[in-house]
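Since the structure comes first, as structure tokens, the remarks are kept for the end.
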Amino acid sequence: MTLFYTKALKDKLLGPFFVHELGDDMQNDDWLEHIDLLADFWLTQLNGEDTYYGNFIGAHIKVSHITEESFVVWLELFFTSSK
Ligand code: HEM
């Protein structure tokens with residue numbers, strides 16, 4: 001999770017989306033909260049745990065200017081950050 005976001009934050013296409021919503025310091029409270037939330041999200045999706053009660057759609061409406069190009073980068077980082 002942290003590896004994914006470390007790479008995302010440095011990426012020229014993805015980075016600005018996250019910096020805009022959460023800032024550029026992954027140690028700040030917004031980031032720590034976001035990483036916890038995402039861990040809960042993936043535990044729910046992949047392990048069937050009952051940990052995520054967020055607002056997936058609402059969060060992405062805020063970043064509705066996501067482009068296909070930046071989504072491709074998201075997928076690449078996701079699949080290269082699984083260890
Ligand atoms: C280009 C692609 C993407 C970008 C730029 C992006 C960006 C963001 C940003 C900036 C937030 C934080 C919003 C905030 O809290 O203010 C967020 C939240 C989140 N993202 Fe993404 N996202 C992308 C794709 C995805 C994908 C593919 C998934 C999972 C399948 C995902 C899962 C989540 C989850 C679970 C949250 C938390 C939602 C909540 O608040 O409950 N994102 N995303």
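By order in the structure tokens, chains are A, B, ...; within a chain, residues start at 1; ligands start at 1, following the order shown.
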Could you give me, as a ChimeraX atom specification, every polymer residue with an atom at most 9 Å away from an atom of ligand 1, counting only C-alpha atoms and all ligand atoms? /A:8,13-22,30-31,33-35,37-42,52-75,78
Among range 15-74 of chain A, which ones does DSSP place in alpha helix (DSSP H), written as a PDB file with N, CA and C atoms, in the first residue's frame?
```pdb
ATOM      1  N   GLY A  15       0.543  11.844  -9.493  1.00  0.00           N
ATOM      2  CA  GLY A  15       0.929  12.604  -8.303  1.00  0.00           C
ATOM      3  C   GLY A  15       0.027  13.798  -8.007  1.00  0.00           C
ATOM      4  N   PRO A  16      -0.226  14.661  -9.001  1.00  0.00           N
ATOM      5  CA  PRO A  16      -1.000  15.872  -8.737  1.00  0.00           C
ATOM      6  C   PRO A  16      -2.396  15.615  -8.163  1.00  0.00           C
ATOM      7  N   PHE A  17      -3.056  14.518  -8.550  1.00  0.00           N
ATOM      8  CA  PHE A  17      -4.388  14.211  -8.001  1.00  0.00           C
ATOM      9  C   PHE A  17      -4.295  14.029  -6.481  1.00  0.00           C
ATOM     10  N   PHE A  18      -3.267  13.286  -6.066  1.00  0.00           N
ATOM     11  CA  PHE A  18      -3.137  12.976  -4.643  1.00  0.00           C
ATOM     12  C   PHE A  18      -2.613  14.176  -3.858  1.00  0.00           C
ATOM     13  N   VAL A  19      -1.677  14.894  -4.452  1.00  0.00           N
ATOM     14  CA  VAL A  19      -1.149  16.090  -3.767  1.00  0.00           C
ATOM     15  C   VAL A  19      -2.293  17.076  -3.533  1.00  0.00           C
ATOM     16  N   HIS A  20      -3.165  17.212  -4.533  1.00  0.00           N
ATOM     17  CA  HIS A  20      -4.257  18.170  -4.412  1.00  0.00           C
ATOM     18  C   HIS A  20      -5.201  17.803  -3.261  1.00  0.00           C
ATOM     19  N   GLU A  21      -5.512  16.513  -3.115  1.00  0.00           N
ATOM     20  CA  GLU A  21      -6.473  16.097  -2.073  1.00  0.00           C
ATOM     21  C   GLU A  21      -5.822  15.871  -0.718  1.00  0.00           C
ATOM     22  N   LEU A  22      -4.577  15.393  -0.711  1.00  0.00           N
ATOM     23  CA  LEU A  22      -3.993  14.915   0.554  1.00  0.00           C
ATOM     24  C   LEU A  22      -2.672  15.575   0.937  1.00  0.00           C
ATOM     25  N   ASP A  29      -1.485  13.646   8.578  1.00  0.00           N
ATOM     26  CA  ASP A  29      -2.652  12.913   9.082  1.00  0.00           C
ATOM     27  C   ASP A  29      -3.594  12.463   7.968  1.00  0.00           C
ATOM     28  N   ASP A  30      -3.774  13.335   6.938  1.00  0.00           N
ATOM     29  CA  ASP A  30      -4.682  12.975   5.843  1.00  0.00           C
ATOM     30  C   ASP A  30      -4.189  11.720   5.119  1.00  0.00           C
ATOM     31  N   TRP A  31      -2.870  11.698   4.875  1.00  0.00           N
ATOM     32  CA  TRP A  31      -2.297  10.533   4.185  1.00  0.00           C
ATOM     33  C   TRP A  31      -2.396   9.276   5.036  1.00  0.00           C
ATOM     34  N   LEU A  32      -2.048   9.392   6.340  1.00  0.00           N
ATOM     35  CA  LEU A  32      -2.075   8.200   7.206  1.00  0.00           C
ATOM     36  C   LEU A  32      -3.495   7.642   7.263  1.00  0.00           C
ATOM     37  N   GLU A  33      -4.468   8.561   7.327  1.00  0.00           N
ATOM     38  CA  GLU A  33      -5.874   8.157   7.336  1.00  0.00           C
ATOM     39  C   GLU A  33      -6.257   7.472   6.008  1.00  0.00           C
ATOM     40  N   HIS A  34      -5.780   8.081   4.903  1.00  0.00           N
ATOM     41  CA  HIS A  34      -6.093   7.529   3.581  1.00  0.00           C
ATOM     42  C   HIS A  34      -5.528   6.117   3.434  1.00  0.00           C
ATOM     43  N   ILE A  35      -4.299   5.917   3.869  1.00  0.00           N
ATOM     44  CA  ILE A  35      -3.668   4.603   3.730  1.00  0.00           C
ATOM     45  C   ILE A  35      -4.397   3.559   4.590  1.00  0.00           C
ATOM     46  N   ASP A  36      -4.806   3.950   5.790  1.00  0.00           N
ATOM     47  CA  ASP A  36      -5.613   3.057   6.641  1.00  0.00           C
ATOM     48  C   ASP A  36      -6.928   2.689   5.968  1.00  0.00           C
ATOM     49  N   LEU A  37      -7.566   3.720   5.385  1.00  0.00           N
ATOM     50  CA  LEU A  37      -8.858   3.514   4.719  1.00  0.00           C
ATOM     51  C   LEU A  37      -8.707   2.544   3.545  1.00  0.00           C
ATOM     52  N   LEU A  38      -7.628   2.751   2.775  1.00  0.00           N
ATOM     53  CA  LEU A  38      -7.387   1.881   1.620  1.00  0.00           C
ATOM     54  C   LEU A  38      -7.062   0.458   2.042  1.00  0.00           C
ATOM     55  N   ALA A  39      -6.344   0.319   3.148  1.00  0.00           N
ATOM     56  CA  ALA A  39      -6.048  -1.028   3.661  1.00  0.00           C
ATOM     57  C   ALA A  39      -7.375  -1.714   4.010  1.00  0.00           C
ATOM     58  N   ASP A  40      -8.278  -0.968   4.663  1.00  0.00           N
ATOM     59  CA  ASP A  40      -9.597  -1.519   4.997  1.00  0.00           C
ATOM     60  C   ASP A  40     -10.381  -1.879   3.733  1.00  0.00           C
ATOM     61  N   PHE A  41     -10.272  -1.001   2.714  1.00  0.00           N
ATOM     62  CA  PHE A  41     -10.967  -1.250   1.444  1.00  0.00           C
ATOM     63  C   PHE A  41     -10.504  -2.584   0.835  1.00  0.00           C
ATOM     64  N   TRP A  42      -9.172  -2.755   0.761  1.00  0.00           N
ATOM     65  CA  TRP A  42      -8.661  -3.970   0.105  1.00  0.00           C
ATOM     66  C   TRP A  42      -8.902  -5.217   0.946  1.00  0.00           C
ATOM     67  N   LEU A  43      -8.892  -5.072   2.274  1.00  0.00           N
ATOM     68  CA  LEU A  43      -9.219  -6.227   3.134  1.00  0.00           C
ATOM     69  C   LEU A  43     -10.655  -6.674   2.884  1.00  0.00           C
ATOM     70  N   THR A  44     -11.537  -5.702   2.654  1.00  0.00           N
ATOM     71  CA  THR A  44     -12.937  -6.019   2.370  1.00  0.00           C
ATOM     72  C   THR A  44     -13.066  -6.674   0.993  1.00  0.00           C
ATOM     73  N   GLN A  45     -12.390  -6.074  -0.007  1.00  0.00           N
ATOM     74  CA  GLN A  45     -12.528  -6.589  -1.380  1.00  0.00           C
ATOM     75  C   GLN A  45     -11.884  -7.961  -1.543  1.00  0.00           C
ATOM     76  N   LEU A  46     -10.677  -8.107  -1.002  1.00  0.00           N
ATOM     77  CA  LEU A  46      -9.908  -9.317  -1.305  1.00  0.00           C
ATOM     78  C   LEU A  46     -10.087 -10.420  -0.275  1.00  0.00           C
ATOM     79  N   ASN A  47     -10.287 -10.043   0.981  1.00  0.00           N
ATOM     80  CA  ASN A  47     -10.377 -11.063   2.030  1.00  0.00           C
ATOM     81  C   ASN A  47     -11.792 -11.251   2.556  1.00  0.00           C
ATOM     82  N   PHE A  56     -16.659   5.361  -1.793  1.00  0.00           N
ATOM     83  CA  PHE A  56     -15.809   5.164  -2.976  1.00  0.00           C
ATOM     84  C   PHE A  56     -16.176   6.129  -4.107  1.00  0.00           C
ATOM     85  N   ILE A  57     -17.470   6.186  -4.423  1.00  0.00           N
ATOM     86  CA  ILE A  57     -17.910   7.032  -5.553  1.00  0.00           C
ATOM     87  C   ILE A  57     -17.660   8.508  -5.220  1.00  0.00           C
ATOM     88  N   GLY A  58     -18.086   8.916  -4.034  1.00  0.00           N
ATOM     89  CA  GLY A  58     -17.936  10.323  -3.638  1.00  0.00           C
ATOM     90  C   GLY A  58     -16.491  10.776  -3.703  1.00  0.00           C
ATOM     91  N   ALA A  59     -15.574   9.913  -3.255  1.00  0.00           N
ATOM     92  CA  ALA A  59     -14.152  10.278  -3.260  1.00  0.00           C
ATOM     93  C   ALA A  59     -13.673  10.532  -4.683  1.00  0.00           C
ATOM     94  N   HIS A  60     -14.160   9.743  -5.633  1.00  0.00           N
ATOM     95  CA  HIS A  60     -13.664   9.894  -7.005  1.00  0.00           C
ATOM     96  C   HIS A  60     -14.411  10.948  -7.805  1.00  0.00           C
ATOM     97  N   ILE A  61     -15.572  11.344  -7.315  1.00  0.00           N
ATOM     98  CA  ILE A  61     -16.244  12.475  -7.972  1.00  0.00           C
ATOM     99  C   ILE A  61     -15.355  13.713  -7.813  1.00  0.00           C
ATOM    100  N   GLU A  68      -7.895   8.671 -19.000  1.00  0.00           N
ATOM    101  CA  GLU A  68      -7.617   7.268 -19.288  1.00  0.00           C
ATOM    102  C   GLU A  68      -6.124   6.984 -19.089  1.00  0.00           C
ATOM    103  N   GLU A  69      -5.310   7.945 -19.530  1.00  0.00           N
ATOM    104  CA  GLU A  69      -3.854   7.811 -19.394  1.00  0.00           C
ATOM    105  C   GLU A  69      -3.434   7.641 -17.932  1.00  0.00           C
ATOM    106  N   SER A  70      -4.018   8.466 -17.044  1.00  0.00           N
ATOM    107  CA  SER A  70      -3.618   8.374 -15.643  1.00  0.00           C
ATOM    108  C   SER A  70      -4.153   7.089 -15.014  1.00  0.00           C
ATOM    109  N   PHE A  71      -5.289   6.604 -15.514  1.00  0.00           N
ATOM    110  CA  PHE A  71      -5.819   5.342 -14.992  1.00  0.00           C
ATOM    111  C   PHE A  71      -4.912   4.171 -15.383  1.00  0.00           C
ATOM    112  N   VAL A  72      -4.349   4.224 -16.606  1.00  0.00           N
ATOM    113  CA  VAL A  72      -3.418   3.174 -17.044  1.00  0.00           C
ATOM    114  C   VAL A  72      -2.202   3.154 -16.120  1.00  0.00           C
ATOM    115  N   VAL A  73      -1.717   4.340 -15.737  1.00  0.00           N
ATOM    116  CA  VAL A  73      -0.572   4.415 -14.813  1.00  0.00           C
ATOM    117  C   VAL A  73      -0.965   3.813 -13.463  1.00  0.00           C
ATOM    118  N   TRP A  74      -2.172   4.147 -12.981  1.00  0.00           N
ATOM    119  CA  TRP A  74      -2.660   3.590 -11.699  1.00  0.00           C
ATOM    120  C   TRP A  74      -2.567   2.069 -11.748  1.00  0.00           C
TER     121      TRP A  74
END
```
Expressed in Å, the length from CA of Lys7 in chain A to CA of Glu49 in chain A is 26.7 Å
Point-to-point distance from CA of Gly23 in chain A to CA of Leu77 in chain A, Å rounded to tenths: 19.5 Å
CA of Thr80 in chain A to CA of Met1 in chain A, straight-line distance in Å: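 Atom-to-atom, CA of Met1 in chain A to CA of Thr80 in chain A, that is 11.1 Å.
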